[in-house]
$ cat my_file.pdb   # PDB, C-alpha atoms
ATOM      1  CA  VAL A  21      92.272  14.667 275.624
ATOM      2  CA  VAL A  22      95.207  16.256 273.825
ATOM      3  CA  TRP A  23      97.197  13.915 271.637
ATOM      4  CA  ILE A  24     100.406  15.118 270.000
ATOM      5  CA  THR A  25     101.576  13.254 266.912
ATOM      6  CA  GLN A  26     102.868  13.582 263.385
ATOM      7  CA  ARG A  27     101.762  10.102 262.370
ATOM      8  CA  ALA A  28      99.017  10.221 259.768
ATOM      9  CA  ASP A  29      97.521   6.905 260.867
ATOM     10  CA  GLU A  30      97.013   8.305 264.373
ATOM     11  CA  LEU A  31      95.363  11.467 263.050
ATOM     12  CA  ALA A  32      92.549   9.385 261.569
ATOM     13  CA  ALA A  33      91.354   8.558 265.102
ATOM     14  CA  ALA A  34      90.892  12.241 265.988
ATOM     15  CA  THR A  35      87.761  14.330 265.552
ATOM     16  CA  ARG A  36      89.659  17.620 265.341
ATOM     17  CA  VAL A  37      93.240  18.459 264.393
ATOM     18  CA  PHE A  38      95.290  21.527 265.179
ATOM     19  CA  GLY A  39      98.462  22.132 263.206
ATOM     20  CA  MET A  40     101.026  24.409 264.782
ATOM     21  CA  ASP A  41     104.046  26.207 263.425
ATOM     22  CA  ARG A  42     106.360  28.105 265.776
ATOM     23  CA  GLY A  43     103.692  28.291 268.467
ATOM     24  CA  SER A  44     100.878  29.511 266.214
ATOM     25  CA  ILE A  45      97.886  27.487 265.060
ATOM     26  CA  VAL A  46      98.059  27.278 261.268
ATOM     27  CA  TYR A  47      95.453  24.543 260.749
ATOM     28  CA  ASP A  48      92.229  23.785 262.577
ATOM     29  CA  GLY A  49      89.930  21.189 261.093
ATOM     30  CA  SER A  50      89.082  17.545 260.729
ATOM     31  CA  PRO A  51      91.698  14.909 259.960
ATOM     32  CA  TRP A  52      89.590  13.969 256.936
ATOM     33  CA  ALA A  53      89.840  17.513 255.523
ATOM     34  CA  LEU A  54      93.587  17.533 256.142
ATOM     35  CA  ALA A  55      93.977  14.234 254.275
ATOM     36  CA  GLN A  56      92.169  15.769 251.287
ATOM     37  CA  ASP A  57      94.648  18.674 251.153
ATOM     38  CA  ALA A  58      98.129  17.411 250.258
ATOM     39  CA  HIS A  59      99.526  20.956 250.318
ATOM     40  CA  ALA A  60      98.314  21.687 253.864
ATOM     41  CA  ALA A  61      99.592  18.334 255.120
ATOM     42  CA  ALA A  62     102.994  18.967 253.530
ATOM     43  CA  GLN A  63     103.197  22.447 255.072
ATOM     44  CA  LEU A  64     102.607  20.896 258.493
ATOM     45  CA  GLY A  65     105.197  18.197 257.852
ATOM     46  CA  ILE A  66     102.552  15.495 258.147
ATOM     47  CA  GLY A  67     102.407  12.688 255.655
ATOM     48  CA  ARG A  68      98.984  11.545 254.561
ATOM     49  CA  PRO A  69      97.986   7.916 255.118
ATOM     50  CA  ALA A  70      99.433   5.626 252.435
ATOM     51  CA  VAL A  71      95.931   4.627 251.347
ATOM     52  CA  THR A  72      95.088   8.313 250.808
ATOM     53  CA  GLU A  73      98.216   8.841 248.702
ATOM     54  CA  CYS A  74      97.351   5.737 246.646
ATOM     55  CA  ALA A  75      93.779   6.949 246.165
ATOM     56  CA  ASP A  76      95.046  10.375 245.098
ATOM     57  CA  ARG A  77      97.100   8.718 242.363
ATOM     58  CA  LEU A  78      94.102   6.614 241.292
ATOM     59  CA  ARG A  79      91.999   9.775 241.129
ATOM     60  CA  ALA A  80      94.650  11.462 238.940
ATOM     61  CA  LEU A  81      94.398   8.476 236.568
ATOM     62  CA  GLY A  82      90.609   8.755 236.454
ATOM     63  CA  ALA A  83      90.050   5.486 238.327
ATOM     64  CA  LEU A  84      88.530   7.100 241.416
ATOM     65  CA  GLU A  85      86.098   9.948 241.949
ATOM     66  CA  GLY A  86      85.034  11.868 245.021
ATOM     67  CA  ALA A  87      86.662  12.249 248.392
ATOM     68  CA  LEU A  88      89.892  10.508 249.215
ATOM     69  CA  PRO A  89      89.581   7.619 251.687
ATOM     70  CA  MET A  90      91.622   7.444 254.894
ATOM     71  CA  ASN A  91      91.481   3.662 255.320
ATOM     72  CA  MET A  92      91.452   0.518 253.181
ATOM     73  CA  GLY A  93      87.782  -0.241 253.802
ATOM     74  CA  ASP A  94      86.769   3.149 252.433
ATOM     75  CA  LEU A  95      89.073   2.683 249.430
ATOM     76  CA  PHE A  96      87.521  -0.709 248.677
ATOM     77  CA  ASP A  97      84.063   0.826 248.931
ATOM     78  CA  ALA A  98      85.025   3.725 246.634
ATOM     79  CA  LEU A  99      86.386   1.290 244.045
ATOM     80  CA  GLY A 100      83.354  -0.969 244.346
ATOM     81  CA  ILE A 101      85.420  -4.020 245.225
ATOM     82  CA  GLU A 102      84.351  -4.587 248.819
ATOM     83  CA  ASP A 103      82.899  -8.044 248.122
ATOM     84  CA  ALA A 104      86.090  -9.228 246.437
ATOM     85  CA  VAL A 105      88.256  -8.302 249.414
ATOM     86  CA  ALA A 106      85.883  -8.938 252.321
ATOM     87  CA  GLY A 107      88.094 -11.733 253.563
ATOM     88  CA  ILE A 108      91.183  -9.565 254.047
ATOM     89  CA  ARG A 109      89.671  -6.801 256.193
TER      90      ARG A 109
END
$ encode --input "my_file.pdb" --output "structure tokens"
Amino acid sequence: VVWITQRADELAAATRVFGMDRGSIVYDGSPWALAQDAHAAAQLGIGRPAVTECADRLRALGALEGALPMNMGDLFDALGIEDAVAGIR
């Protein structure tokens, strides 16, 4: 199945992403890897998921370590607050 989109929330459902510029493939990888690389996403004109942008800011402040999450559940897990927010998932 080929799915064409520029919506970051739709990219998260994919297993592989191709980014194209003027007919040439300029990115080939997982949506997770693309979300980790703000520069690559910006070059492709694709915004990262809002939760990933928020997590990136938290990481810059020293409040989060490791890989950036692509969804709220992963962010809650990374922050160790999953029990406190279990009711809003």
$ closest_residue --input "my_file.pdb" --among "A:Asp94, A:Ala33, A:Ala28, A:Leu84" --to "Leu64 of chain A" --atoms "only C-alpha atoms"
A:Ala28
$ residues_around --input "my_file.pdb" --residues "Met90 of chain A" --least-positions-apart "2" --cutoff "10 Å" --atoms "all atoms listed in the file" --output "list in words"
Ala28, Asp29, Leu31, Ala32, Pro51, Trp52, Ala55, Gln56, Arg68, Pro69, Ala70, Val71, Thr72, Glu73, Ala75, Ala87, Leu88, Met92, Gly93, Asp94 and Leu95 of chain A
$ closest_residue --input "my_file.pdb" --among "A:Gly100, A:Leu81, A:Pro89, A:Phe38" --to "Ala61 of chain A" --atoms "all atoms listed in the file"
A:Phe38
$ resolve_selection --input "my_file.pdb" --expression "the PyMOL selection byres ((chain A and resi 21) around 12)" --output "MDAnalysis selection string"
chainID A and resid 22:24 34:37
$ atom_distance --input "my_file.pdb" --atom1 "atom CA of Ile66 of chain A" --atom2 "atom CA of Gln26 of chain A"
5.6 Å
$ atom_distance --input "my_file.pdb" --atom1 "atom CA of Gly82 of chain A" --atom2 "atom CA of Ser50 of chain A"
25.9 Å
$ closest_residue --input "my_file.pdb" --among "A:Arg79, A:Gly49, A:Ser44, A:Cys74" --to "Asn91 of chain A" --atoms "all atoms listed in the file"
A:Cys74
$ atom_distance --input "my_file.pdb" --atom1 "atom CA of Leu54 of chain A" --atom2 "atom CA of Asp97 of chain A"
20.5 Å
$ closest_residue --input "my_file.pdb" --among "A:Ile101, A:Leu78, A:Ala53, A:Ala60" --to "Met40 of chain A" --atoms "only C-alpha atoms"
A:Ala60
$ closest_residue --input "my_file.pdb" --among "A:Glu85, A:Asp41, A:Glu30, A:Asp48" --to "Gly65 of chain A" --atoms "only C-alpha atoms"
A:Asp41
